[in-house]
Structure formats: C-alpha cells, structure tokens
$ cat my_file.csv   # CSV, C-alpha atoms and all ligand atoms
chain,number,residue,atom,x,y,z
U,55,MET,CA,78.8,-183.8,-0.6
U,56,THR,CA,79.3,-180.7,-2.6
U,57,ASP,CA,80.5,-177.5,-0.9
U,58,VAL,CA,77.9,-175.0,0.0
U,59,VAL,CA,78.4,-171.9,-2.2
U,60,TYR,CA,78.0,-168.4,-0.8
U,61,GLY,CA,77.8,-165.1,-2.6
U,62,TYR,CA,75.6,-163.4,-5.2
U,63,ASP,CA,73.2,-165.6,-7.2
U,64,ASP,CA,71.6,-163.9,-10.2
U,65,ALA,CA,68.8,-166.5,-10.4
U,66,ALA,CA,67.9,-166.2,-6.7
U,67,GLY,CA,68.2,-162.4,-6.8
U,68,GLY,CA,70.3,-162.1,-3.8
U,69,TRP,CA,73.3,-163.3,-1.7
U,70,TRP,CA,73.6,-166.8,-0.2
U,71,VAL,CA,75.1,-166.6,3.3
U,72,PRO,CA,75.6,-169.2,6.0
U,73,PRO,CA,72.8,-169.3,8.6
U,74,LEU,CA,72.6,-166.0,10.5
U,75,SER,CA,72.8,-165.8,14.3
U,76,ASN,CA,71.6,-163.0,16.6
U,77,LEU,CA,73.4,-163.0,20.0
U,78,HIS,CA,71.3,-160.4,21.7
U,79,GLY,CA,67.6,-160.0,21.6
U,80,HIS,CA,64.5,-159.8,23.8
U,81,LEU,CA,61.7,-162.3,23.2
U,82,ARG,CA,59.8,-161.4,26.3
U,83,ALA,CA,58.0,-163.9,28.6
U,84,PRO,CA,55.6,-166.7,27.4
U,85,GLY,CA,52.0,-165.4,27.7
U,86,ASP,CA,53.1,-161.8,27.0
U,87,PRO,CA,51.4,-160.6,23.7
U,88,ARG,CA,54.9,-159.6,22.5
U,89,PHE,CA,56.3,-163.1,22.8
U,90,PRO,CA,54.8,-164.7,19.7
U,91,ILE,CA,55.6,-161.7,17.5
U,92,ALA,CA,59.2,-161.5,18.7
U,93,VAL,CA,59.7,-165.3,18.3
U,94,HIS,CA,58.2,-165.3,14.8
U,95,SER,CA,60.7,-162.7,13.6
U,96,ALA,CA,63.6,-164.4,15.3
U,97,ALA,CA,62.9,-167.9,14.3
U,98,THR,CA,62.3,-167.1,10.7
U,99,GLN,CA,65.7,-165.5,10.3
U,100,PHE,CA,68.2,-166.7,12.8
U,101,ARG,CA,69.9,-170.0,13.8
U,102,TYR,CA,71.3,-169.1,17.3
U,103,TYR,CA,69.5,-166.4,19.3
U,104,THR,CA,70.5,-165.1,22.7
U,105,ALA,CA,67.2,-164.5,24.4
U,106,MET,CA,68.0,-162.1,27.2
U,107,PRO,CA,66.9,-163.0,30.8
U,108,ASN,CA,65.3,-159.7,32.0
U,109,LEU,CA,61.8,-160.9,31.6
U,110,GLY,CA,60.3,-158.7,34.4
U,111,ALA,CA,60.9,-158.6,38.1
U,112,LYS,CA,58.9,-161.9,38.8
U,113,ASP,CA,60.3,-163.9,35.8
U,114,LEU,CA,64.1,-163.2,35.9
U,115,ILE,CA,66.2,-166.2,34.7
U,116,ARG,CA,67.9,-166.9,38.0
U,117,SER,CA,67.9,-170.7,38.2
U,118,PRO,CA,68.8,-173.6,35.9
U,119,GLU,CA,65.2,-174.7,36.0
U,120,GLY,CA,64.0,-171.3,35.0
U,121,ALA,CA,66.5,-171.1,32.1
U,122,LEU,CA,65.5,-174.5,30.8
U,123,ALA,CA,61.8,-173.8,31.0
U,124,TYR,CA,62.2,-170.5,29.1
U,125,SER,CA,64.4,-172.2,26.5
U,126,HIS,CA,61.7,-174.9,26.0
U,127,ALA,CA,58.9,-172.4,25.8
U,128,ILE,CA,60.8,-170.5,23.1
U,129,ALA,CA,61.6,-173.6,21.1
U,130,HIS,CA,58.0,-174.8,21.4
U,131,GLU,CA,56.7,-171.5,20.1
U,132,ALA,CA,59.3,-171.5,17.3
U,133,ALA,CA,58.6,-175.1,16.2
U,134,GLN,CA,55.6,-174.1,14.1
U,135,TYR,CA,58.0,-172.3,11.6
U,136,GLY,CA,59.9,-175.5,11.0
U,137,THR,CA,63.3,-173.8,11.1
U,138,ALA,CA,66.4,-174.9,12.9
U,139,PHE,CA,66.3,-172.3,15.7
U,140,THR,CA,68.3,-172.5,18.9
U,141,PRO,CA,67.6,-170.1,21.7
U,142,ILE,CA,70.5,-169.4,24.1
U,143,VAL,CA,69.3,-168.2,27.5
U,144,PRO,CA,71.8,-166.5,29.8
U,145,LEU,CA,71.6,-166.4,33.6
U,146,TYR,CA,70.6,-163.1,35.1
U,147,LEU,CA,73.3,-162.1,37.6
U,148,GLU,CA,72.2,-160.7,40.9
U,149,PRO,CA,74.3,-159.5,43.9
U,150,ASP,CA,73.7,-162.8,45.7
U,151,THR,CA,74.2,-165.1,42.7
U,152,THR,CA,76.5,-167.9,43.9
U,153,PRO,CA,79.3,-169.7,42.0
U,154,GLU,CA,77.5,-173.0,42.9
U,155,THR,CA,74.4,-171.9,41.0
U,156,VAL,CA,76.5,-170.8,38.1
U,157,GLU,CA,78.3,-174.2,38.0
U,158,ARG,CA,75.1,-176.3,38.5
U,159,GLY,CA,73.3,-174.5,35.6
U,160,PHE,CA,76.3,-174.9,33.3
U,161,LYS,CA,76.7,-178.6,34.1
U,162,GLU,CA,73.0,-179.2,33.6
U,163,GLY,CA,73.1,-177.6,30.2
U,164,ALA,CA,70.9,-174.7,31.2
U,165,TRP,CA,73.3,-171.9,30.2
U,166,ILE,CA,76.7,-171.1,28.7
U,167,SER,CA,76.5,-167.3,29.4
U,168,ALA,CA,75.4,-164.9,32.1
U,169,LYS,CA,74.3,-161.3,31.8
U,170,LEU,CA,75.5,-158.6,34.1
U,171,TYR,CA,73.0,-155.7,34.3
U,172,SER,CA,74.0,-152.5,35.9
U,173,LYS,CA,71.3,-151.9,38.5
U,174,GLY,CA,68.7,-149.4,37.4
U,175,ALA,CA,70.2,-148.9,33.9
U,176,THR,CA,67.4,-150.4,31.8
U,177,THR,CA,64.2,-152.6,31.6
U,178,ALA,CA,64.0,-155.0,34.5
U,179,SER,CA,67.4,-154.2,35.9
U,180,ALA,CA,66.3,-153.3,39.4
U,181,GLU,CA,67.7,-156.7,40.6
U,182,GLY,CA,70.9,-156.1,38.8
U,183,VAL,CA,74.3,-155.3,40.3
U,184,ASP,CA,75.5,-152.0,41.6
U,185,PHE,CA,78.8,-151.6,39.9
U,186,ARG,CA,80.2,-149.8,42.9
U,187,LYS,CA,80.0,-153.2,44.6
U,188,LEU,CA,81.2,-155.2,41.6
U,189,GLU,CA,83.8,-157.1,43.7
U,190,GLU,CA,81.0,-159.1,45.3
U,191,LEU,CA,80.5,-160.9,42.0
U,192,PHE,CA,84.2,-161.8,41.6
U,193,PRO,CA,83.8,-165.4,42.9
U,194,VAL,CA,81.1,-165.8,40.2
U,195,PHE,CA,83.3,-164.4,37.5
U,196,LYS,CA,86.1,-166.7,38.6
U,197,MET,CA,83.8,-169.7,38.3
U,198,MET,CA,82.6,-168.5,34.9
U,199,GLU,CA,86.2,-168.2,33.8
U,200,ARG,CA,87.0,-171.7,35.0
U,201,LEU,CA,83.9,-173.2,33.2
U,202,GLY,CA,84.6,-171.2,29.9
U,203,MET,CA,81.3,-169.3,30.2
U,204,VAL,CA,80.7,-165.9,28.4
U,205,LEU,CA,80.0,-162.8,30.4
U,206,LEU,CA,77.6,-160.4,28.7
U,207,ILE,CA,77.6,-156.8,30.1
U,208,HIS,CA,75.2,-153.9,30.0
U,209,LEU,CA,77.9,-151.4,30.9
U,210,GLU,CA,76.0,-148.4,32.1
U,211,PRO,CA,76.5,-147.5,35.8
U,212,VAL,CA,73.9,-145.0,36.9
U,213,ALA,CA,75.7,-143.3,39.8
U,214,TYR,CA,79.2,-142.1,40.7
U,215,PRO,CA,80.8,-143.6,43.9
U,216,SER,CA,79.7,-140.3,45.6
U,217,GLY,CA,76.0,-141.2,44.9
U,218,ILE,CA,75.6,-138.4,42.3
U,219,GLU,CA,73.7,-139.6,39.2
U,220,ILE,CA,75.6,-140.1,36.0
U,221,ASP,CA,74.3,-138.3,32.9
U,222,PRO,CA,72.6,-140.9,30.7
U,223,TRP,CA,74.8,-139.9,27.7
U,224,HIS,CA,78.0,-140.5,29.8
U,225,ARG,CA,77.0,-143.8,31.4
U,226,GLU,CA,78.7,-146.1,28.9
U,227,ARG,CA,81.9,-144.1,29.0
U,228,LYS,CA,81.8,-144.1,32.9
U,229,GLY,CA,81.4,-147.9,32.8
U,230,LEU,CA,84.7,-148.4,31.0
U,231,ALA,CA,86.7,-148.4,34.3
U,232,TYR,CA,84.6,-151.3,35.6
U,233,LEU,CA,85.1,-153.2,32.3
U,234,GLU,CA,88.8,-152.6,32.7
U,235,LYS,CA,88.7,-154.0,36.2
U,236,ILE,CA,87.0,-157.2,35.1
U,237,LEU,CA,89.3,-157.7,32.1
U,238,SER,CA,92.4,-157.1,34.3
U,239,VAL,CA,91.4,-159.5,37.0
U,240,PHE,CA,89.8,-162.2,34.8
U,241,GLY,CA,92.1,-162.3,31.8
U,242,GLY,CA,90.6,-165.6,30.5
U,243,LEU,CA,86.9,-164.7,30.8
U,244,PRO,CA,85.3,-164.1,27.4
U,245,VAL,CA,83.4,-160.8,27.7
U,246,VAL,CA,80.8,-159.3,25.3
U,247,PHE,CA,80.3,-155.5,25.5
U,248,GLU,CA,76.6,-155.5,24.7
U,249,HIS,CA,75.2,-152.8,22.3
U,250,VAL,CA,78.3,-150.6,22.3
U,251,SER,CA,77.1,-147.1,21.4
U,252,SER,CA,80.0,-144.7,22.0
U,253,GLN,CA,83.4,-143.8,20.4
U,254,GLU,CA,85.1,-144.3,23.8
U,255,GLY,CA,83.6,-147.8,24.1
U,256,ILE,CA,84.9,-148.7,20.7
U,257,GLU,CA,88.4,-147.4,21.6
U,258,LYS,CA,88.5,-149.4,24.7
U,259,ILE,CA,87.5,-152.6,22.8
U,260,ARG,CA,90.1,-152.0,20.1
U,261,GLU,CA,92.8,-151.4,22.8
U,262,ARG,CA,91.9,-154.5,24.6
U,263,GLN,CA,91.6,-156.6,21.5
U,264,ASN,CA,95.1,-155.4,20.5
U,265,ARG,CA,96.3,-156.8,23.8
U,266,HIS,CA,94.5,-160.1,23.0
U,267,SER,CA,91.9,-159.8,25.7
U,268,PRO,CA,88.9,-162.1,24.8
U,269,ILE,CA,86.5,-159.3,24.3
U,270,GLU,CA,83.9,-158.7,21.6
U,271,ALA,CA,80.9,-156.5,21.2
U,272,THR,CA,77.4,-156.6,19.8
U,273,ILE,CA,76.3,-153.6,17.7
U,274,ALA,CA,72.5,-152.9,17.4
U,275,PRO,CA,71.4,-151.6,14.0
U,276,GLN,CA,69.9,-148.3,15.2
U,277,TYR,CA,73.3,-147.1,16.4
U,278,LEU,CA,74.7,-147.6,12.9
U,279,VAL,CA,72.1,-145.4,11.2
U,280,TRP,CA,70.7,-143.0,13.8
U,281,THR,CA,72.1,-140.3,16.1
U,282,ARG,CA,70.4,-138.5,18.9
U,283,ALA,CA,69.2,-135.9,16.4
U,284,GLU,CA,66.8,-138.6,15.2
U,285,LEU,CA,65.1,-138.7,18.6
U,286,LEU,CA,64.0,-135.1,18.1
U,287,ARG,CA,63.6,-134.8,14.4
U,288,GLY,CA,60.2,-133.3,13.7
U,289,GLY,CA,59.2,-133.6,17.4
U,290,MET,CA,60.0,-136.2,20.0
U,291,ASN,CA,60.1,-139.8,18.7
U,292,PRO,CA,59.8,-142.3,21.5
U,293,ALA,CA,59.7,-145.2,18.9
U,294,LYS,CA,63.4,-144.4,18.4
U,295,TYR,CA,64.3,-144.3,22.0
U,296,SER,CA,66.5,-147.2,23.2
U,297,ILE,CA,68.9,-147.8,26.0
U,298,PRO,CA,71.8,-146.9,25.7
U,299,VAL,CA,70.5,-143.6,24.4
U,300,LEU,CA,71.5,-142.7,20.8
U,301,LYS,CA,74.6,-140.6,20.7
U,302,LYS,CA,76.5,-138.2,18.4
U,303,GLU,CA,77.6,-138.6,14.7
U,304,GLU,CA,81.2,-139.2,15.9
U,305,ASP,CA,80.0,-142.1,17.9
U,306,ARG,CA,78.0,-143.5,15.0
U,307,ARG,CA,81.0,-143.2,12.7
U,308,ALA,CA,83.3,-145.0,15.2
U,309,LEU,CA,80.8,-147.9,15.3
U,310,VAL,CA,80.6,-148.1,11.5
U,311,ASP,CA,84.4,-148.0,11.2
U,312,PHE,CA,84.7,-150.7,13.8
U,313,LEU,CA,82.2,-152.9,12.0
U,314,LEU,CA,84.0,-152.4,8.6
U,315,ASP,CA,87.3,-153.3,10.3
U,316,GLY,CA,85.9,-156.6,11.3
U,317,GLY,CA,84.9,-155.7,14.9
U,318,GLY,CA,81.8,-157.0,16.8
U,319,PHE,CA,79.2,-159.5,15.9
U,320,LEU,CA,75.5,-159.5,15.2
U,321,GLY,CA,73.4,-158.8,18.3
U,322,SER,CA,70.4,-156.6,17.5
U,323,ASP,CA,69.1,-155.8,21.0
U,324,SER,CA,65.6,-156.1,19.5
U,325,ALA,CA,63.3,-155.0,22.3
U,326,PRO,CA,59.6,-154.9,21.5
U,327,HIS,CA,57.4,-152.6,23.6
U,328,LEU,CA,53.6,-152.3,23.2
U,329,LEU,CA,52.3,-149.1,21.8
U,330,PHE,CA,50.9,-147.8,25.1
U,331,ALA,CA,54.3,-148.2,26.8
U,332,LYS,CA,55.8,-146.1,23.9
U,333,SER,CA,53.0,-143.5,24.2
U,334,GLN,CA,53.5,-142.3,27.7
U,335,PRO,CA,54.2,-138.6,28.0
U,336,CYS,CA,56.3,-139.5,31.0
U,337,GLY,CA,58.0,-142.8,31.7
U,338,CYS,CA,58.1,-143.9,28.1
U,339,ALA,CA,59.8,-147.3,27.7
U,340,GLY,CA,63.2,-147.6,26.0
U,341,GLY,CA,63.8,-150.2,23.3
U,342,VAL,CA,63.4,-150.6,19.5
U,343,PHE,CA,61.8,-153.6,17.9
U,344,ASN,CA,64.4,-154.0,15.1
U,345,ASP,CA,64.6,-157.7,14.4
U,346,PRO,CA,62.4,-157.5,11.2
U,347,VAL,CA,64.9,-155.0,9.6
U,348,ALA,CA,68.1,-155.7,11.4
U,349,VAL,CA,69.8,-157.9,8.7
U,350,SER,CA,68.8,-155.4,6.0
U,351,VAL,CA,70.5,-152.6,8.0
U,352,TYR,CA,73.7,-154.5,8.7
U,353,PHE,CA,73.9,-155.8,5.1
U,354,ASP,CA,73.2,-152.4,3.6
U,355,THR,CA,75.9,-150.8,5.9
U,356,PHE,CA,78.5,-153.3,4.9
U,357,ARG,CA,77.7,-153.0,1.2
U,358,ARG,CA,77.3,-149.2,1.0
U,359,GLU,CA,80.0,-148.2,3.4
U,360,GLY,CA,82.3,-151.0,2.2
U,361,GLU,CA,82.0,-149.9,-1.4
U,362,ALA,CA,82.4,-146.2,-0.5
U,363,HIS,CA,85.7,-147.1,1.3
U,364,GLY,CA,87.1,-149.4,-1.3
U,365,ILE,CA,86.7,-152.5,0.8
U,366,THR,CA,86.4,-155.2,-1.9
U,367,ASP,CA,85.7,-158.0,0.6
U,368,TRP,CA,82.8,-156.3,2.4
U,369,PHE,CA,80.7,-159.4,1.7
U,370,ASP,CA,83.1,-161.7,3.6
U,371,ARG,CA,83.3,-159.3,6.4
U,372,PHE,CA,79.5,-159.2,6.6
U,373,VAL,CA,79.4,-163.0,6.7
U,374,ASP,CA,82.0,-163.0,9.6
U,375,PHE,CA,79.9,-160.5,11.5
U,376,ALA,CA,76.5,-161.9,11.0
U,377,CYS,CA,77.1,-165.7,10.7
U,378,ARG,CA,80.4,-166.8,12.1
U,379,LYS,CA,81.9,-164.7,14.9
U,380,GLY,CA,79.1,-164.8,17.3
U,381,PRO,CA,78.7,-168.6,17.5
U,382,GLU,CA,82.5,-168.9,17.5
U,383,PHE,CA,82.8,-166.5,20.5
U,384,TYR,CA,80.2,-168.6,22.4
U,385,SER,CA,82.0,-171.8,21.4
U,386,LEU,CA,78.9,-173.1,19.6
U,387,SER,CA,79.1,-175.4,16.7
U,388,GLU,CA,79.2,-173.8,13.2
U,389,PRO,CA,75.7,-174.0,11.7
U,390,GLU,CA,75.4,-175.8,8.4
U,391,GLY,CA,73.4,-174.8,5.4
U,392,ARG,CA,72.7,-171.4,3.8
U,393,VAL,CA,70.0,-168.7,3.7
U,394,LEU,CA,69.3,-166.0,1.2
U,395,ILE,CA,69.5,-162.3,1.6
U,396,LYS,CA,67.2,-161.3,-1.1
U,397,GLU,CA,67.6,-157.9,-2.8
U,398,GLU,CA,64.0,-157.0,-2.7
U,399,ALA,CA,62.7,-153.7,-1.4
U,400,TRP,CA,59.7,-154.2,1.0
U,401,GLU,CA,57.7,-151.8,3.0
U,402,VAL,CA,58.0,-152.3,6.8
U,403,PRO,CA,54.5,-152.5,8.4
U,404,ASN,CA,53.5,-149.5,10.6
U,405,THR,CA,52.8,-152.0,13.4
U,406,TYR,CA,53.1,-155.7,14.2
U,407,GLY,CA,50.4,-157.4,16.3
U,408,SER,CA,46.7,-156.9,16.5
U,409,GLY,CA,44.0,-155.2,18.6
U,410,LYS,CA,45.6,-153.1,21.3
U,411,ASP,CA,48.7,-155.2,21.3
U,412,LEU,CA,50.6,-153.3,18.8
U,413,ILE,CA,54.4,-152.9,18.4
U,414,ILE,CA,56.0,-150.2,16.3
U,415,PRO,CA,59.1,-151.7,14.5
U,416,MET,CA,62.2,-149.9,13.4
U,417,TYR,CA,61.7,-148.2,10.1
U,418,ALA,CA,57.9,-148.4,10.4
U,419,GLY,CA,56.2,-147.5,7.2
U,420,GLU,CA,59.5,-147.1,5.4
U,421,THR,CA,61.0,-149.2,2.6
U,422,VAL,CA,64.1,-151.3,3.2
U,423,PRO,CA,66.3,-153.0,0.5
U,424,TYR,CA,66.8,-156.5,1.7
U,425,LYS,CA,64.9,-159.4,3.3
U,426,VAL,CA,66.0,-162.7,4.7
U,427,VAL,CA,64.6,-165.9,3.2
U,428,VAL,CA,65.3,-169.0,5.2
U,501,ZN,ZN,69.2,-155.8,25.5
$ encode --input "my_file.csv" --output "structure tokens"
Amino acid sequence: MTDVVYGYDDAAGGWWVPPLSNLHGHLRAPGDPRFPIAVHSAATQFRYYTAMPNLGAKDLIRSPEGALAYSHAIAHEAAQYGTAFTPIVPLYLEPDTTPETVERGFKEGAWISAKLYSKGATTASAEGVDFRKLEELFPVFKMMERLGMVLLIHLEPVAYPSGIEIDPWHRERKGLAYLEKILSVFGGLPVVFEHVSSQEGIEKIRERQNRHSPIEATIAPQYLVWTRAELLRGGMNPAKYSIPVLKKEEDRRALVDFLLDGGGFLGSDSAPHLLFAKSQPCGCAGGVFNDPVAVSVYFDTFRREGEAHGITDWFDRFVDFACRKGPEFYSLSEPEGRVLIKEEAWEVPNTYGSGKDLIIPMYAGETVPYKVVV
C-alpha cells in the first residue's frame, strides 16, 4: 500500500487533507425540515460528527435507546450520499441523570460523551443543570471519568449565587470558576470547552493545558472572523446572532492566536434556524448555520494568519485542528483516506431549503475561497 499524500496538488487545484471531522454541530430532529439540510451539509464534508442532543424539550437524548435511535436516523439520512459518515451522539445531562444510566449507555455503545448545558443558557437548555447546584452531578462525572467518557460543556451560567442575572457578555467568564471546580475534582476527566468565545476562556484553557489537564476546546468559525460590531453593522443582524454572543476584537484575536498555536479542534456549532425564527422582532433565535462555509473559514484563517505571522507549517497545524485532534481527544480511530480542499471561489446561496422552510447560512450571498470535495 502506498502512503497517502497530503498537501497542495496543482492538478487537483487544492490541498489534500485527511478526512475532516466536526465535533460539535446541530442536525436537529428527524422530521424537522432543517434535518435533511443539516445532514446533507455534514455528511458531504465530515467523517465524525458530534450531533448535539438538545433536540427540543420532548426529544432530548436522555436514554441509551434515544441516543441509538437518533444515531440510526442520522446514518439512514446520510446513507444516500454514500460517504463514510459517523455521527457521535452525546447524552444530555440533567440534574437527575444517574451514574447507572451513564454506564449502561456507554456499555451498550450508545454514547462516549455527555453534554452539560447550563440551565437556561441556550436552545433547549431548560432541562439543563443549574451550575449553582453542580455538585449534584459529581457522581455522574465520577462515573464518566472511570469509563473514559468525554464531558462537553456549554459554560455559561445565567445567574449569580445571589440569583441576580449575569450579563450575557460575561457569562462565559463567570463560568470559569465552575470549570475550575470540575477540573480540580476530576483530574482524569477529558473536558471540551465548547465554542470558546472569550479571551479569559482561552487563558484558562492555556493555563490548564500547561498543567496537563485533559482539556480542549471547540472554536466555531464566526468567532474567528466576527465581533459584536458585526451584529449591528448597518442595522441589527439576527442572522449573525449566536450563543455565546459575539464578543470584542481582543477576544477574537485571542481565539485566532490560540488556533495558530495549535489549540482547539474543529467543532463548528452549526445551528440552523428557520427564517421565521430568525425574523422575530422579539425572541429571535440564536445560532448560525455555518457548516457549508466552516472549513473555508478555518482554512483561510490558518493560511492567511499563518502566512502573516511567518508560521511556515500552517498547513500541518490546520490538519491537526481539522482532522486529527478531535477524533484523538474522543479516543476514536484515525480515519483513513483523504479529501480535497479545493481552491475555488463559490457564492454561498442566500438561503438553503425551499418553500417557507428556509435557512440563512453564514456568509449568505457572499463569496468564499474554498470548498470541500469528498
Ligand atoms: Zn452548540
């Protein structure tokens, strides 16, 4: 067998890379009009894909049977594309989740990770955990540590212990004390800081990585290229509103530097919402459907920023970020083969879907420089 070759290929007009994996995305529930659109984008680009379990109050992934059924539904929908696509479905942690359930699901092959949502922080998080009562979940964390499972955290508490609400721009920062508590008590539990968006969050991860804590982060593409100014540019732009909310230039810069230094792995937090949910004058949904352009944003960031900073091995760093580190952190087998990141500008559609079931993607109507060819 000849070795697979990666890197730039003149004849192919792009870069060969190992299969890409996305360890954070929202594919929505089977039957939802967003489901086929989200699965199409995911299955035609990625090998492993963490399909988040917050499917709506009635359909949370809270049992091994639920996780397996969801996995099968995704795989069935994806089969038409003929790609090797493996959904990874985490357990949704609730205050009353038991270590026995966690263990049973793990042993039955239903899950290898669990997602901790701060109660009330984001879409379908009402059944999540009030961080002020985090200790109630400690027996669950202990079981996960013993099994070698991965804990995924949406780290945004919504209230101080006094009950006073935390400013949305400060939530991630205020969650760091809870993260510290988990890392201190469960030193062997692999933790993913999901969609890190703040300079303080990056500093905490760096500090803990320097002390060899098993912590990593996913970085969603919009936080690498947008700041909160983008939300208000030319008027309010709900299509660009996601949770955590976009932050300042200093935060964006800290994320890019972390990425270039070899931090984090690919998790786009792609979160499609239908147009009507994005068109509410009040109560507009948070989330950006970014899967169609995510790889282009990551690759462009590594290449452009890497070249600007004299990082000659930016391509290898991209490969680590987008192909290797995520599966490795989850203890998944390394995918074989290669895919092409073609250097070919294309115009992102204004919407995906049809009829009234429309979704506005990231960079709608704009031109992006790269596309994935599987
Ligand atoms: Zn998410």
$ residues_near_ligand --input "my_file.csv" --ligand "ligand ZN 501 (chain U)" --cutoff "12 Å" --atoms "all atoms listed in the file" --output "MDAnalysis selection string"
chainID U and resid 76:82 104:109 144 169:172 175:179 206:209 247:250 272:274 296:298 321:326 340:344
$ closest_residue --input "my_file.csv" --among "U:Met290, U:Ile259, U:Val351, U:Val402" --to "Leu278 of chain U" --atoms "all atoms listed in the file"
U:Val351
$ closest_residue --input "my_file.csv" --among "U:Leu114, U:Val212, U:Met198, U:Ala376" --to "Gly242 of chain U" --atoms "all atoms listed in the file"
U:Met198
$ residues_around --input "my_file.csv" --residues "segment 357-362 of chain U" --least-positions-apart "6" --cutoff "12 Å" --atoms "all atoms listed in the file" --output "VMD selection string"
chain U and resid 69 278 to 279 307 309 to 316 349 to 351 368 to 373 397 423 to 424
$ residues_near_point --input "my_file.csv" --point "(64.6, -175.2, 20.3)" --cutoff "12 Å" --atoms "all atoms listed in the file" --output "VMD selection string"
chain U and resid 93 96 to 97 100 to 105 122 to 143
$ closest_atom_pairs --input "my_file.csv" --of "segment 340-413 of chain U" --to "segment 160-168 of chain U" --cutoff "12 Å" --atoms "all atoms listed in the file" --output "CSV"
residue,atom,partner,partner_atom,distance
U:Pro381,CA,U:Ile166,CA,11.6
U:Phe383,CA,U:Ser167,CA,10.9
U:Tyr384,CA,U:Ile166,CA,7.6
U:Ser385,CA,U:Ile166,CA,9.0
U:Leu386,CA,U:Ile166,CA,9.6
$ residues_around --input "my_file.csv" --residues "Leu329 of chain U" --least-positions-apart "4" --cutoff "12 Å" --atoms "all atoms listed in the file" --output "PyMOL selection string"
chain U and resi 87-88+292-293+333-334+338-343+404-415
$ atom_distance --input "my_file.csv" --atom1 "atom CA of Met203 of chain U" --atom2 "atom CA of Phe185 of chain U"
20.3 Å
$ residues_near_point --input "my_file.csv" --point "(76.8, -141.5, 38.5)" --cutoff "12 Å" --atoms "only C-alpha atoms" --output "list in words"
Ser172, Lys173, Gly174, Ala175, Asp184, Phe185, Arg186, Glu210, Pro211, Val212, Ala213, Tyr214, Pro215, Ser216, Gly217, Ile218, Glu219, Ile220, Asp221, Pro222, Trp223, His224, Arg225, Glu226, Arg227, Lys228 and Gly229 of chain U
$ write_last_selection --input "my_file.csv" --atoms "C-alpha atoms" --output "mmCIF file, keeping the file's coordinate frame"
data_model
loop_
_atom_site.group_PDB
_atom_site.id
_atom_site.type_symbol
_atom_site.label_atom_id
_atom_site.label_comp_id
_atom_site.auth_asym_id
_atom_site.auth_seq_id
_atom_site.Cartn_x
_atom_site.Cartn_y
_atom_site.Cartn_z
ATOM 1 C CA SER U 172 74.000 -152.500 35.900
ATOM 2 C CA LYS U 173 71.300 -151.900 38.500
ATOM 3 C CA GLY U 174 68.700 -149.400 37.400
ATOM 4 C CA ALA U 175 70.200 -148.900 33.900
ATOM 5 C CA ASP U 184 75.500 -152.000 41.600
ATOM 6 C CA PHE U 185 78.800 -151.600 39.900
ATOM 7 C CA ARG U 186 80.200 -149.800 42.900
ATOM 8 C CA GLU U 210 76.000 -148.400 32.100
ATOM 9 C CA PRO U 211 76.500 -147.500 35.800
ATOM 10 C CA VAL U 212 73.900 -145.000 36.900
ATOM 11 C CA ALA U 213 75.700 -143.300 39.800
ATOM 12 C CA TYR U 214 79.200 -142.100 40.700
ATOM 13 C CA PRO U 215 80.800 -143.600 43.900
ATOM 14 C CA SER U 216 79.700 -140.300 45.600
ATOM 15 C CA GLY U 217 76.000 -141.200 44.900
ATOM 16 C CA ILE U 218 75.600 -138.400 42.300
ATOM 17 C CA GLU U 219 73.700 -139.600 39.200
ATOM 18 C CA ILE U 220 75.600 -140.100 36.000
ATOM 19 C CA ASP U 221 74.300 -138.300 32.900
ATOM 20 C CA PRO U 222 72.600 -140.900 30.700
ATOM 21 C CA TRP U 223 74.800 -139.900 27.700
ATOM 22 C CA HIS U 224 78.000 -140.500 29.800
ATOM 23 C CA ARG U 225 77.000 -143.800 31.400
ATOM 24 C CA GLU U 226 78.700 -146.100 28.900
ATOM 25 C CA ARG U 227 81.900 -144.100 29.000
ATOM 26 C CA LYS U 228 81.800 -144.100 32.900
ATOM 27 C CA GLY U 229 81.400 -147.900 32.800
#
$ closest_residue --input "my_file.csv" --among "U:Glu388, U:Met416, U:Pro193, U:Lys425" --to "Pro73 of chain U" --atoms "all atoms listed in the file"
U:Glu388
$ closest_residue --input "my_file.csv" --among "U:Glu189, U:Glu398, U:Leu243, U:Ile236" --to "Leu201 of chain U" --atoms "all atoms listed in the file"
U:Leu243
$ residues_around --input "my_file.csv" --residues "Cys377 of chain U" --least-positions-apart "2" --cutoff "8 Å" --atoms "all atoms listed in the file" --output "mmCIF file with C-alpha atoms, in the coordinates of the input"
data_model
loop_
_atom_site.group_PDB
_atom_site.id
_atom_site.type_symbol
_atom_site.label_atom_id
_atom_site.label_comp_id
_atom_site.auth_asym_id
_atom_site.auth_seq_id
_atom_site.Cartn_x
_atom_site.Cartn_y
_atom_site.Cartn_z
ATOM 1 C CA VAL U 71 75.100 -166.600 3.300
ATOM 2 C CA PRO U 72 75.600 -169.200 6.000
ATOM 3 C CA PRO U 73 72.800 -169.300 8.600
ATOM 4 C CA LEU U 74 72.600 -166.000 10.500
ATOM 5 C CA SER U 75 72.800 -165.800 14.300
ATOM 6 C CA LEU U 320 75.500 -159.500 15.200
ATOM 7 C CA VAL U 373 79.400 -163.000 6.700
ATOM 8 C CA ASP U 374 82.000 -163.000 9.600
ATOM 9 C CA PHE U 375 79.900 -160.500 11.500
ATOM 10 C CA LYS U 379 81.900 -164.700 14.900
ATOM 11 C CA GLY U 380 79.100 -164.800 17.300
ATOM 12 C CA PRO U 381 78.700 -168.600 17.500
#
$ closest_residue --input "my_file.csv" --among "U:Asp354, U:Glu257, U:Glu234, U:Asp86" --to "Leu188 of chain U" --atoms "only C-alpha atoms"
U:Glu234
$ closest_residue --input "my_file.csv" --among "U:Phe240, U:Phe353, U:Tyr277, U:Phe319" --to "Leu394 of chain U" --atoms "all atoms listed in the file"
U:Phe353
$ residues_around --input "my_file.csv" --residues "Glu284 of chain U" --least-positions-apart "5" --cutoff "9 Å" --atoms "only C-alpha atoms" --output "list of chain:residue names"
U:Met290, U:Asn291, U:Lys294, U:Leu300
$ decode --input "my_file.csv" --residues "segment 254-259 of chain U" --atoms "N, CA, C and O atoms" --output "CSV table (one decimal), in the first residue's frame"
chain,number,residue,atom,x,y,z
U,254,GLU,N,-10.6,35.5,28.2
U,254,GLU,CA,-10.5,34.8,29.5
U,254,GLU,C,-10.6,33.3,29.4
U,254,GLU,O,-10.0,32.6,30.1
U,255,GLY,N,-11.6,32.9,28.6
U,255,GLY,CA,-11.7,31.4,28.4
U,255,GLY,C,-10.5,30.8,27.8
U,255,GLY,O,-10.0,29.8,28.3
U,256,ILE,N,-9.9,31.5,26.8
U,256,ILE,CA,-8.6,31.0,26.2
U,256,ILE,C,-7.5,30.9,27.2
U,256,ILE,O,-6.8,30.0,27.3
U,257,GLU,N,-7.4,32.0,28.1
U,257,GLU,CA,-6.4,32.0,29.1
U,257,GLU,C,-6.5,30.8,30.1
U,257,GLU,O,-5.5,30.2,30.5
U,258,LYS,N,-7.8,30.6,30.4
U,258,LYS,CA,-8.0,29.4,31.4
U,258,LYS,C,-7.6,28.1,30.7
U,258,LYS,O,-6.9,27.3,31.4
U,259,ILE,N,-7.9,27.9,29.5
U,259,ILE,CA,-7.6,26.7,28.8
U,259,ILE,C,-6.1,26.5,28.7
U,259,ILE,O,-5.5,25.5,29.0
